[in-house]
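So this block is input.pdb, PDB, C-alpha atoms:
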ATOM      1  CA  MET S1193     -89.731-104.514 182.527
ATOM      2  CA  ASP S1194     -86.208-104.624 181.197
ATOM      3  CA  GLN S1195     -85.120-102.628 184.198
ATOM      4  CA  ASP S1196     -86.741-105.166 186.508
ATOM      5  CA  LEU S1197     -84.965-108.016 184.747
ATOM      6  CA  GLN S1198     -81.679-106.194 184.874
ATOM      7  CA  ARG S1199     -82.167-105.558 188.557
ATOM      8  CA  LEU S1200     -83.044-109.201 189.126
ATOM      9  CA  ILE S1201     -79.899-110.274 187.286
ATOM     10  CA  ARG S1202     -77.778-107.863 189.314
ATOM     11  CA  ASP S1203     -79.398-109.103 192.488
ATOM     12  CA  LEU S1204     -78.769-112.738 191.609
ATOM     13  CA  ARG S1205     -75.165-112.001 190.622
ATOM     14  CA  ALA S1206     -74.582-110.474 194.033
ATOM     15  CA  GLU S1207     -75.393-113.784 195.720
ATOM     16  CA  LYS S1208     -72.321-115.287 197.401
ATOM     17  CA  CYS S1209     -71.862-118.767 198.716
ATOM     18  CA  PRO S1210     -71.534-118.512 202.517
ATOM     19  CA  GLN S1211     -68.240-119.486 204.118
ATOM     20  CA  ARG S1212     -70.035-122.014 206.338
ATOM     21  CA  VAL S1213     -70.620-124.174 203.256
ATOM     22  CA  LEU S1214     -66.883-124.536 202.722
ATOM     23  CA  ASP S1215     -66.334-125.120 206.442
ATOM     24  CA  GLU S1216     -68.928-127.859 206.425
ATOM     25  CA  VAL S1217     -67.377-129.455 203.325
ATOM     26  CA  ALA S1218     -63.935-129.409 204.968
ATOM     27  CA  LYS S1219     -65.423-130.999 208.090
ATOM     28  CA  ARG S1220     -67.124-133.736 206.089
ATOM     29  CA  ILE S1221     -63.945-134.456 204.141
ATOM     30  CA  ARG S1222     -62.023-134.792 207.419
ATOM     31  CA  GLU S1223     -64.697-137.159 208.718
ATOM     32  CA  GLN S1224     -64.451-139.200 205.519
ATOM     33  CA  GLN S1225     -60.693-139.478 205.767
ATOM     34  CA  ARG S1226     -60.411-140.315 209.455
ATOM     35  CA  PRO S1227     -61.678-143.937 209.503
ATOM     36  CA  THR S1228     -59.660-144.792 206.396
ATOM     37  CA  ARG S1229     -56.518-143.483 208.010
ATOM     38  CA  ARG S1230     -57.190-145.404 211.193
ATOM     39  CA  ILE S1231     -57.721-148.608 209.265
ATOM     40  CA  GLY S1232     -54.571-147.885 207.257
ATOM     41  CA  TYR S1233     -52.510-147.393 210.406
ATOM     42  CA  ARG S1234     -53.899-150.586 211.910
ATOM     43  CA  ILE S1235     -53.144-152.614 208.787
ATOM     44  CA  ALA S1236     -49.618-151.192 208.664
ATOM     45  CA  ALA S1237     -48.997-151.980 212.344
ATOM     46  CA  ILE S1238     -50.338-155.531 212.030
ATOM     47  CA  THR S1239     -48.274-156.163 208.879
ATOM     48  CA  ALA S1240     -45.120-154.861 210.549
ATOM     49  CA  ALA S1241     -45.713-157.033 213.626
ATOM     50  CA  LEU S1242     -46.337-160.105 211.459
ATOM     51  CA  ALA S1243     -43.208-159.462 209.415
ATOM     52  CA  LEU S1244     -41.164-159.133 212.617
ATOM     53  CA  LEU S1245     -42.554-162.368 214.047
ATOM     54  CA  CYS S1246     -41.944-164.244 210.772
ATOM     55  CA  GLY S1247     -38.407-162.892 210.617
ATOM     56  CA  LEU S1248     -37.706-163.999 214.175
ATOM     57  CA  ALA S1249     -39.219-167.436 213.563
ATOM     58  CA  LEU S1250     -37.261-168.027 210.371
ATOM     59  CA  TRP S1251     -33.941-166.615 211.594
ATOM     60  CA  PRO S1252     -31.259-169.350 211.147
ATOM     61  CA  ARG S1253     -29.964-170.223 214.622
ATOM     62  CA  PRO S1254     -27.111-172.766 214.997
ATOM     63  CA  THR S1255     -28.347-175.683 216.982
ATOM     64  CA  VAL S1256     -26.228-177.567 219.497
ATOM     65  CA  ARG S1257     -26.129-180.597 217.190
ATOM     66  CA  GLU S1258     -24.767-178.543 214.242
ATOM     67  CA  ALA S1259     -22.113-176.997 216.468
ATOM     68  CA  ARG S1260     -20.961-180.455 217.517
ATOM     69  CA  ARG S1261     -20.948-181.704 213.929
ATOM     70  CA  HIS S1262     -18.415-179.054 212.717
ATOM     71  CA  PRO S1263     -15.913-178.423 215.482
ATOM     72  CA  GLU S1264     -13.146-177.598 212.957
ATOM     73  CA  GLN S1265     -15.028-174.467 211.835
ATOM     74  CA  VAL S1266     -14.476-172.738 215.140
ATOM     75  CA  GLY S1267     -11.452-170.622 214.343
ATOM     76  CA  THR S1268      -8.464-169.935 216.569
ATOM     77  CA  SER S1269      -7.341-166.472 217.525
ATOM     78  CA  LEU S1270      -4.510-166.746 214.978
ATOM     79  CA  GLU S1271      -6.928-167.402 212.126
ATOM     80  CA  ARG S1272      -9.127-164.526 213.248
ATOM     81  CA  ALA S1273      -6.169-162.142 213.173
ATOM     82  CA  GLN S1274      -5.285-163.321 209.662
ATOM     83  CA  VAL S1275      -8.848-162.803 208.429
ATOM     84  CA  ALA S1276      -8.908-159.323 209.952
ATOM     85  CA  ALA S1277      -5.659-158.405 208.247
ATOM     86  CA  GLU S1278      -6.900-159.648 204.859
ATOM     87  CA  THR S1279     -10.147-157.766 205.267
ATOM     88  CA  ARG S1280      -8.276-154.610 206.172
ATOM     89  CA  GLY S1281      -6.106-155.011 203.070
ATOM     90  CA  ALA S1282      -9.138-155.538 200.813
ATOM     91  CA  LEU S1283     -10.959-152.521 202.235
ATOM     92  CA  GLY S1284      -7.822-150.401 201.817
ATOM     93  CA  TYR S1285      -7.558-151.466 198.199
ATOM     94  CA  ILE S1286     -11.211-150.623 197.521
ATOM     95  CA  GLY S1287     -10.765-147.231 199.197
ATOM     96  CA  GLY S1288      -7.701-146.489 197.067
ATOM     97  CA  VAL S1289      -9.541-147.403 193.888
ATOM     98  CA  LEU S1290     -12.458-145.131 194.844
ATOM     99  CA  ILE S1291     -10.135-142.202 195.594
ATOM    100  CA  ALA S1292      -8.335-142.663 192.259
ATOM    101  CA  ALA S1293     -11.653-142.838 190.410
ATOM    102  CA  SER S1294     -12.924-139.650 192.062
ATOM    103  CA  ALA S1295      -9.712-137.806 191.220
ATOM    104  CA  HIS S1296     -10.009-138.947 187.629
ATOM    105  CA  THR S1297     -13.641-137.789 187.472
ATOM    106  CA  GLU S1298     -12.732-134.421 188.960
ATOM    107  CA  GLN S1299     -10.052-133.926 186.315
ATOM    108  CA  ILE S1300     -12.474-134.807 183.539
ATOM    109  CA  VAL S1301     -15.111-132.422 184.875
ATOM    110  CA  LEU S1302     -12.578-129.612 185.239
ATOM    111  CA  ASN S1303     -11.030-130.104 181.808
ATOM    112  CA  GLN S1304     -13.977-131.076 179.655
ATOM    113  CA  ALA S1305     -17.265-129.982 181.183
ATOM    114  CA  LEU S1306     -16.432-126.637 182.777
ATOM    115  CA  PRO S1307     -15.114-124.647 179.786
ATOM    116  CA  PRO S1308     -18.188-125.138 177.579
ATOM    117  CA  LEU S1309     -20.437-124.423 180.544
ATOM    118  CA  ARG S1310     -18.544-121.225 181.286
ATOM    119  CA  ASN S1311     -18.755-120.222 177.613
ATOM    120  CA  SER S1312     -22.474-120.827 177.487
ATOM    121  CA  PHE S1313     -22.973-118.751 180.645
ATOM    122  CA  SER S1314     -20.969-115.876 179.228
ATOM    123  CA  ASN S1315     -22.934-116.093 175.955
ATOM    124  CA  ALA S1316     -26.194-116.011 177.844
ATOM    125  CA  ARG S1317     -24.987-113.025 179.860
ATOM    126  CA  ILE S1318     -24.014-111.137 176.727
ATOM    127  CA  LYS S1319     -27.372-111.893 175.108
ATOM    128  CA  LEU S1320     -29.217-110.738 178.186
ATOM    129  CA  LEU S1321     -27.227-107.527 178.360
ATOM    130  CA  ASN S1322     -27.876-106.888 174.669
ATOM    131  CA  HIS S1323     -31.540-107.548 175.228
ATOM    132  CA  ILE S1324     -31.756-105.227 178.234
ATOM    133  CA  GLU S1325     -29.729-102.407 176.651
ATOM    134  CA  PRO S1326     -30.645-102.317 172.981
TER
ATOM    135  CA  MET Q1064     -51.398-132.259 199.622
ATOM    136  CA  ILE Q1065     -51.554-131.157 195.958
ATOM    137  CA  ARG Q1066     -55.079-132.527 195.725
ATOM    138  CA  GLU Q1067     -56.150-130.494 198.758
ATOM    139  CA  LEU Q1068     -54.615-127.341 197.338
ATOM    140  CA  GLU Q1069     -56.267-127.891 193.966
ATOM    141  CA  PHE Q1070     -59.575-128.546 195.696
ATOM    142  CA  LYS Q1071     -59.349-125.345 197.721
ATOM    143  CA  VAL Q1072     -58.572-123.295 194.633
ATOM    144  CA  LEU Q1073     -61.481-124.852 192.742
ATOM    145  CA  CYS Q1074     -63.837-124.296 195.670
ATOM    146  CA  HIS Q1075     -62.959-120.620 195.937
ATOM    147  CA  ARG Q1076     -63.280-120.189 192.193
ATOM    148  CA  HIS Q1077     -66.560-121.976 191.543
ATOM    149  CA  ARG Q1078     -68.518-121.985 194.795
ATOM    150  CA  ASP Q1079     -70.551-118.861 193.965
ATOM    151  CA  VAL Q1080     -71.494-120.182 190.522
ATOM    152  CA  ILE Q1081     -72.661-123.471 192.038
ATOM    153  CA  TYR Q1082     -74.560-121.724 194.817
ATOM    154  CA  ARG Q1083     -76.346-119.298 192.482
ATOM    155  CA  TYR Q1084     -77.355-122.045 190.109
ATOM    156  CA  ALA Q1085     -78.577-124.270 192.935
ATOM    157  CA  GLN Q1086     -80.529-121.397 194.437
ATOM    158  CA  SER Q1087     -82.187-120.623 191.141
ATOM    159  CA  LEU Q1088     -83.227-124.253 190.774
ATOM    160  CA  LEU Q1089     -84.256-124.966 194.358
ATOM    161  CA  ALA Q1090     -85.537-121.482 195.218
ATOM    162  CA  ASN Q1091     -84.329-121.796 198.752
ATOM    163  CA  ARG Q1092     -81.138-120.690 200.449
ATOM    164  CA  SER Q1093     -80.633-123.523 202.887
ATOM    165  CA  ASP Q1094     -81.339-126.102 200.184
ATOM    166  CA  ALA Q1095     -78.893-124.311 197.901
ATOM    167  CA  GLU Q1096     -76.278-124.468 200.636
ATOM    168  CA  ASP Q1097     -76.889-128.198 201.053
ATOM    169  CA  ALA Q1098     -76.635-128.683 197.306
ATOM    170  CA  SER Q1099     -73.376-126.708 197.142
ATOM    171  CA  GLN Q1100     -71.959-128.818 199.961
ATOM    172  CA  GLU Q1101     -72.930-132.021 198.248
ATOM    173  CA  VAL Q1102     -71.525-130.927 194.893
ATOM    174  CA  LEU Q1103     -68.222-129.815 196.428
ATOM    175  CA  LEU Q1104     -67.979-133.098 198.298
ATOM    176  CA  ARG Q1105     -68.557-134.968 195.034
ATOM    177  CA  LEU Q1106     -65.869-132.795 193.470
ATOM    178  CA  TRP Q1107     -63.455-133.893 196.207
ATOM    179  CA  ASN Q1108     -64.302-137.557 195.671
ATOM    180  CA  HIS Q1109     -64.057-137.420 191.853
ATOM    181  CA  LEU Q1110     -61.284-134.842 191.520
ATOM    182  CA  PRO Q1111     -58.573-137.210 190.205
ATOM    183  CA  ARG Q1112     -60.901-138.449 187.457
ATOM    184  CA  ILE Q1113     -62.268-135.091 186.238
ATOM    185  CA  ASN Q1114     -60.856-133.431 183.142
ATOM    186  CA  PRO Q1115     -59.351-130.186 184.479
ATOM    187  CA  PHE Q1116     -60.439-128.279 181.353
ATOM    188  CA  HIS Q1117     -64.117-129.117 181.901
ATOM    189  CA  ILE Q1118     -64.433-128.715 185.649
ATOM    190  CA  ARG Q1119     -66.967-125.884 185.557
ATOM    191  CA  GLY Q1120     -69.200-127.854 183.204
ATOM    192  CA  TRP Q1121     -68.882-130.936 185.402
ATOM    193  CA  LEU Q1122     -69.747-128.930 188.526
ATOM    194  CA  LEU Q1123     -72.804-127.316 186.990
ATOM    195  CA  ARG Q1124     -73.998-130.611 185.522
ATOM    196  CA  THR Q1125     -73.619-132.271 188.921
ATOM    197  CA  THR Q1126     -75.440-129.364 190.568
ATOM    198  CA  ARG Q1127     -78.282-129.673 188.087
ATOM    199  CA  HIS Q1128     -78.627-133.443 188.556
ATOM    200  CA  TYR Q1129     -78.538-133.111 192.327
ATOM    201  CA  CYS Q1130     -81.092-130.291 192.351
ATOM    202  CA  LEU Q1131     -83.434-132.104 189.967
ATOM    203  CA  ASP Q1132     -83.235-135.165 192.229
ATOM    204  CA  GLN Q1133     -84.150-132.988 195.195
ATOM    205  CA  ILE Q1134     -87.057-131.439 193.302
ATOM    206  CA  ARG Q1135     -88.289-134.904 192.320
ATOM    207  CA  ARG Q1136     -88.120-136.019 195.942
ATOM    208  CA  ARG Q1137     -89.994-132.906 197.037
ATOM    209  CA  SER Q1138     -92.708-133.525 194.481
ATOM    210  CA  ASN Q1139     -92.964-137.127 195.744
ATOM    211  CA  CYS Q1140     -93.398-135.744 199.239
ATOM    212  CA  SER Q1141     -96.006-133.359 197.737
ATOM    213  CA  THR Q1142     -94.194-130.260 198.957
ATOM    214  CA  PRO Q1143     -94.747-127.499 196.421
ATOM    215  CA  LEU Q1144     -91.791-125.662 194.956
ATOM    216  CA  LEU Q1145     -92.291-122.092 196.018
ATOM    217  CA  LEU Q1146     -90.120-119.114 196.462
ATOM    218  CA  GLY Q1147     -88.967-119.206 200.060
ATOM    219  CA  ASP Q1148     -89.589-116.044 201.999
ATOM    220  CA  GLU Q1149     -86.053-116.315 203.309
ATOM    221  CA  ALA Q1150     -84.801-115.699 199.789
ATOM    222  CA  LEU Q1151     -85.754-112.080 200.229
ATOM    223  CA  ASP Q1152     -84.611-111.765 203.805
ATOM    224  CA  ASP Q1153     -81.440-110.106 205.036
ATOM    225  CA  ARG Q1154     -80.829-108.236 201.833
ATOM    226  CA  PRO Q1155     -79.307-104.758 202.009
ATOM    227  CA  ASP Q1156     -82.044-102.168 201.818
ATOM    228  CA  GLU Q1157     -80.845-100.046 198.927
ATOM    229  CA  PHE Q1158     -83.846 -97.745 198.978
ATOM    230  CA  ALA Q1159     -84.152 -97.083 202.685
ATOM    231  CA  VAL Q1160     -83.997 -93.342 202.028
ATOM    232  CA  ASN Q1161     -87.288 -93.362 200.146
ATOM    233  CA  PRO Q1162     -89.681 -95.900 201.664
ATOM    234  CA  SER Q1163     -92.339 -95.680 198.939
ATOM    235  CA  CYS Q1164     -89.729 -96.140 196.225
ATOM    236  CA  ALA Q1165     -88.165 -98.950 198.231
ATOM    237  CA  ALA Q1166     -91.483-100.711 198.634
ATOM    238  CA  ASP Q1167     -92.254-100.443 194.945
ATOM    239  CA  SER Q1168     -88.776-101.512 193.887
ATOM    240  CA  SER Q1169     -88.689-104.479 196.290
ATOM    241  CA  PHE Q1170     -92.137-105.471 195.168
ATOM    242  CA  ARG Q1171     -91.129-105.428 191.512
ATOM    243  CA  LEU Q1172     -87.978-107.374 192.271
ATOM    244  CA  GLU Q1173     -90.066-109.948 194.086
ATOM    245  CA  GLN Q1174     -92.386-110.188 191.085
ATOM    246  CA  ALA Q1175     -89.399-110.741 188.814
ATOM    247  CA  ARG Q1176     -88.085-113.446 191.122
ATOM    248  CA  LYS Q1177     -91.426-115.174 191.192
ATOM    249  CA  ALA Q1178     -91.627-114.934 187.420
ATOM    250  CA  LEU Q1179     -88.183-116.529 187.129
ATOM    251  CA  LEU Q1180     -89.265-119.402 189.371
ATOM    252  CA  ARG Q1181     -92.347-119.947 187.248
ATOM    253  CA  LEU Q1182     -90.222-120.630 184.182
ATOM    254  CA  PRO Q1183     -89.717-124.263 183.165
ATOM    255  CA  GLU Q1184     -86.467-125.734 184.433
ATOM    256  CA  ASN Q1185     -84.645-125.794 181.093
ATOM    257  CA  LEU Q1186     -85.425-122.151 180.307
ATOM    258  CA  ARG Q1187     -84.556-121.092 183.832
ATOM    259  CA  SER Q1188     -81.258-122.978 183.700
ATOM    260  CA  VAL Q1189     -80.256-121.374 180.427
ATOM    261  CA  PHE Q1190     -81.258-117.918 181.644
ATOM    262  CA  VAL Q1191     -79.404-118.210 184.956
ATOM    263  CA  LEU Q1192     -76.309-119.796 183.437
ATOM    264  CA  TYR Q1193     -76.077-117.150 180.732
ATOM    265  CA  GLU Q1194     -77.213-113.987 182.451
ATOM    266  CA  VAL Q1195     -76.210-114.585 186.056
ATOM    267  CA  ASN Q1196     -73.249-116.948 185.882
ATOM    268  CA  GLY Q1197     -71.851-115.568 182.624
ATOM    269  CA  LEU Q1198     -71.364-118.858 180.787
ATOM    270  CA  ARG Q1199     -71.007-118.918 177.019
ATOM    271  CA  TYR Q1200     -73.438-120.674 174.710
ATOM    272  CA  ARG Q1201     -70.979-123.545 174.162
ATOM    273  CA  GLU Q1202     -70.464-124.078 177.901
ATOM    274  CA  ILE Q1203     -74.215-124.023 178.529
ATOM    275  CA  ALA Q1204     -74.723-126.510 175.728
ATOM    276  CA  GLU Q1205     -72.124-128.838 177.267
ATOM    277  CA  THR Q1206     -73.536-128.410 180.749
ATOM    278  CA  LEU Q1207     -77.147-129.041 179.801
ATOM    279  CA  GLU Q1208     -76.204-131.560 177.088
ATOM    280  CA  ILE Q1209     -78.205-129.800 174.380
ATOM    281  CA  PRO Q1210     -77.208-128.223 171.022
ATOM    282  CA  ILE Q1211     -75.995-124.619 170.932
ATOM    283  CA  ASN Q1212     -78.923-123.498 168.767
ATOM    284  CA  THR Q1213     -81.318-124.881 171.353
ATOM    285  CA  VAL Q1214     -79.532-122.837 173.997
ATOM    286  CA  LYS Q1215     -80.096-119.686 171.954
ATOM    287  CA  VAL Q1216     -83.761-120.520 171.433
ATOM    288  CA  TYR Q1217     -84.250-121.284 175.138
ATOM    289  CA  LEU Q1218     -82.600-118.027 176.140
ATOM    290  CA  SER Q1219     -84.804-116.018 173.833
ATOM    291  CA  ARG Q1220     -87.915-117.825 175.089
ATOM    292  CA  ALA Q1221     -86.873-117.336 178.701
ATOM    293  CA  ARG Q1222     -86.549-113.572 178.194
ATOM    294  CA  GLU Q1223     -89.893-113.370 176.439
ATOM    295  CA  ARG Q1224     -91.680-115.402 179.063
ATOM    296  CA  LEU Q1225     -90.086-113.475 181.896
ATOM    297  CA  SER Q1226     -91.332-110.212 180.420
ATOM    298  CA  LYS Q1227     -94.783-111.659 179.978
ATOM    299  CA  LEU Q1228     -94.917-113.279 183.417
ATOM    300  CA  THR Q1229     -93.731-110.160 185.199
ATOM    301  CA  THR Q1230     -96.361-108.058 183.464
ATOM    302  CA  GLU Q1231     -99.021-110.607 184.351
ATOM    303  CA  GLU Q1232     -97.895-110.686 187.987
ATOM    304  CA  GLU Q1233     -98.013-106.911 188.223
ATOM    305  CA  SER Q1234    -101.443-106.573 186.611
ATOM    306  CA  TRP Q1235    -102.822-109.417 188.763
ATOM    307  CA  THR Q1236    -101.536-107.822 191.948
ATOM    308  CA  LYS Q1237    -102.906-104.403 190.943
ATOM    309  CA  THR Q1238    -106.299-105.965 190.253
ATOM    310  CA  CYS Q1239    -106.295-107.640 193.655
ATOM    311  CA  ASN Q1240    -105.305-104.391 195.380
ATOM    312  CA  ASP Q1241    -108.055-102.451 193.576
TER
END

What does this structure look like when you write it as structure tokens?
Amino acid sequence: MDQDLQRLIRDLRAEKCPQRVLDEVAKRIREQQRPTRRIGYRIAAITAALALLCGLALWPRPTVREARRHPEQVGTSLERAQVAAETRGALGYIGGVLIAASAHTEQIVLNQALPPLRNSFSNARIKLLNHIEP
Amino acid sequence: MIRELEFKVLCHRHRDVIYRYAQSLLANRSDAEDASQEVLLRLWNHLPRINPFHIRGWLLRTTRHYCLDQIRRRSNCSTPLLLGDEALDDRPDEFAVNPSCAADSSFRLEQARKALLRLPENLRSVFVLYEVNGLRYREIAETLEIPINTVKVYLSRARERLSKLTTEEESWTKTCND
């Protein structure tokens, strides 16, 4: 009897789940996901289109009346050249400041951060070598 | 992406356990395949909410609930729960060299299978989970939601009854043949 039970147990343990079960599960999961994705894409497309339309509708456009009301705001070519020169100067200044800041940072990294890092690497190397070759 | 990878790993790891348990409860291969599919699909749907340290217990509990539902539906449809003939089909014939030995051995295996299916569900579950799927007492207790001592008692009873049932089956068949 014990032999029969043992054989039954061995027989049951040998049972394997067929691959088609997993294939079917994968197929059903794909089917589950598909409509959700489609709806998601549709919602995203509609939202994007609505946002674009709202943006276009609310974009501030100068009307003819406003243009007539402020004729002094229309600058001459001389004023435009002055503005361009000032802008160029400001951008140059900002660029200079950024370059100086990066140079300063580089110096700090080289002088303060690198030596301890190098030391720690060499310590680690020595420890490893000691560990490998006792 | 990570969820899919995790799911694949879990499927490959636990599919056989689920399938064996479902087959022992439903006594039918195609039903066991359906049950495995359903359980794995539920795993996919509930994966983010399942405690990763108790996945096997969750899977086996889900398998049990699903199979018991199926059995209840079958009994409502008045279809008896029998051992499907297909359960013994397409098995490798280990004893093809000696036909008489093969016949006897297959016959005895069939008797043992029938005896297993005649056990009550709780005893059968404990027996299959412990002996076939290799779960520990604690895991079985968590899966079946019963105390550990009850698991031990059920296992002992299942072994006793299986011995008794197999002997009865054999003697009954011999009497019929005579």

Taking the file as I've supplied it (selection: the PyMOL selection byres ((chain S) within 9 of (chain Q))), which residues are included? Please answer as a PyMOL selection string. chain S and resi 1193-1194+1196-1197+1199-1205+1207-1210+1212-1214+1216-1218+1220-1221

Could you give me the axis-aligned bounding box of range 1101-1118 of chain Q, with 6 Å of padding per side, as centre plus edge lengths in Å to one decimal, as AutoDock Vina command-line options?
--center_x -65.8 --center_y -133.4 --center_z 189.8 --size_x 26.4 --size_y 22.2 --size_z 28.9

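CA of Pro1183 in chain Q lies 17.4 Å from CA of Arg1136 in chain Q.
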
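Take the candidates Q:Lys1215, Q:His1109, Q:Lys1177, Q:His1128 and check each one against Val1189 in chain Q using all atoms listed in the file; the shortest distance goes to Q:Lys1215.
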
Using all atoms listed in the file, can you tell me which of Q:Leu1131, Q:Leu1088, Q:Ile1113, Q:Leu1207 comes closest to Arg1181 in chain Q? Q:Leu1088

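One finds CA of Ser1188 in chain Q at 14.3 Å from CA of Pro1210 in chain Q.
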
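The gap separating CA of Pro1111 in chain Q from CA of Leu1068 in chain Q is 12.8 Å, in Å to one decimal.
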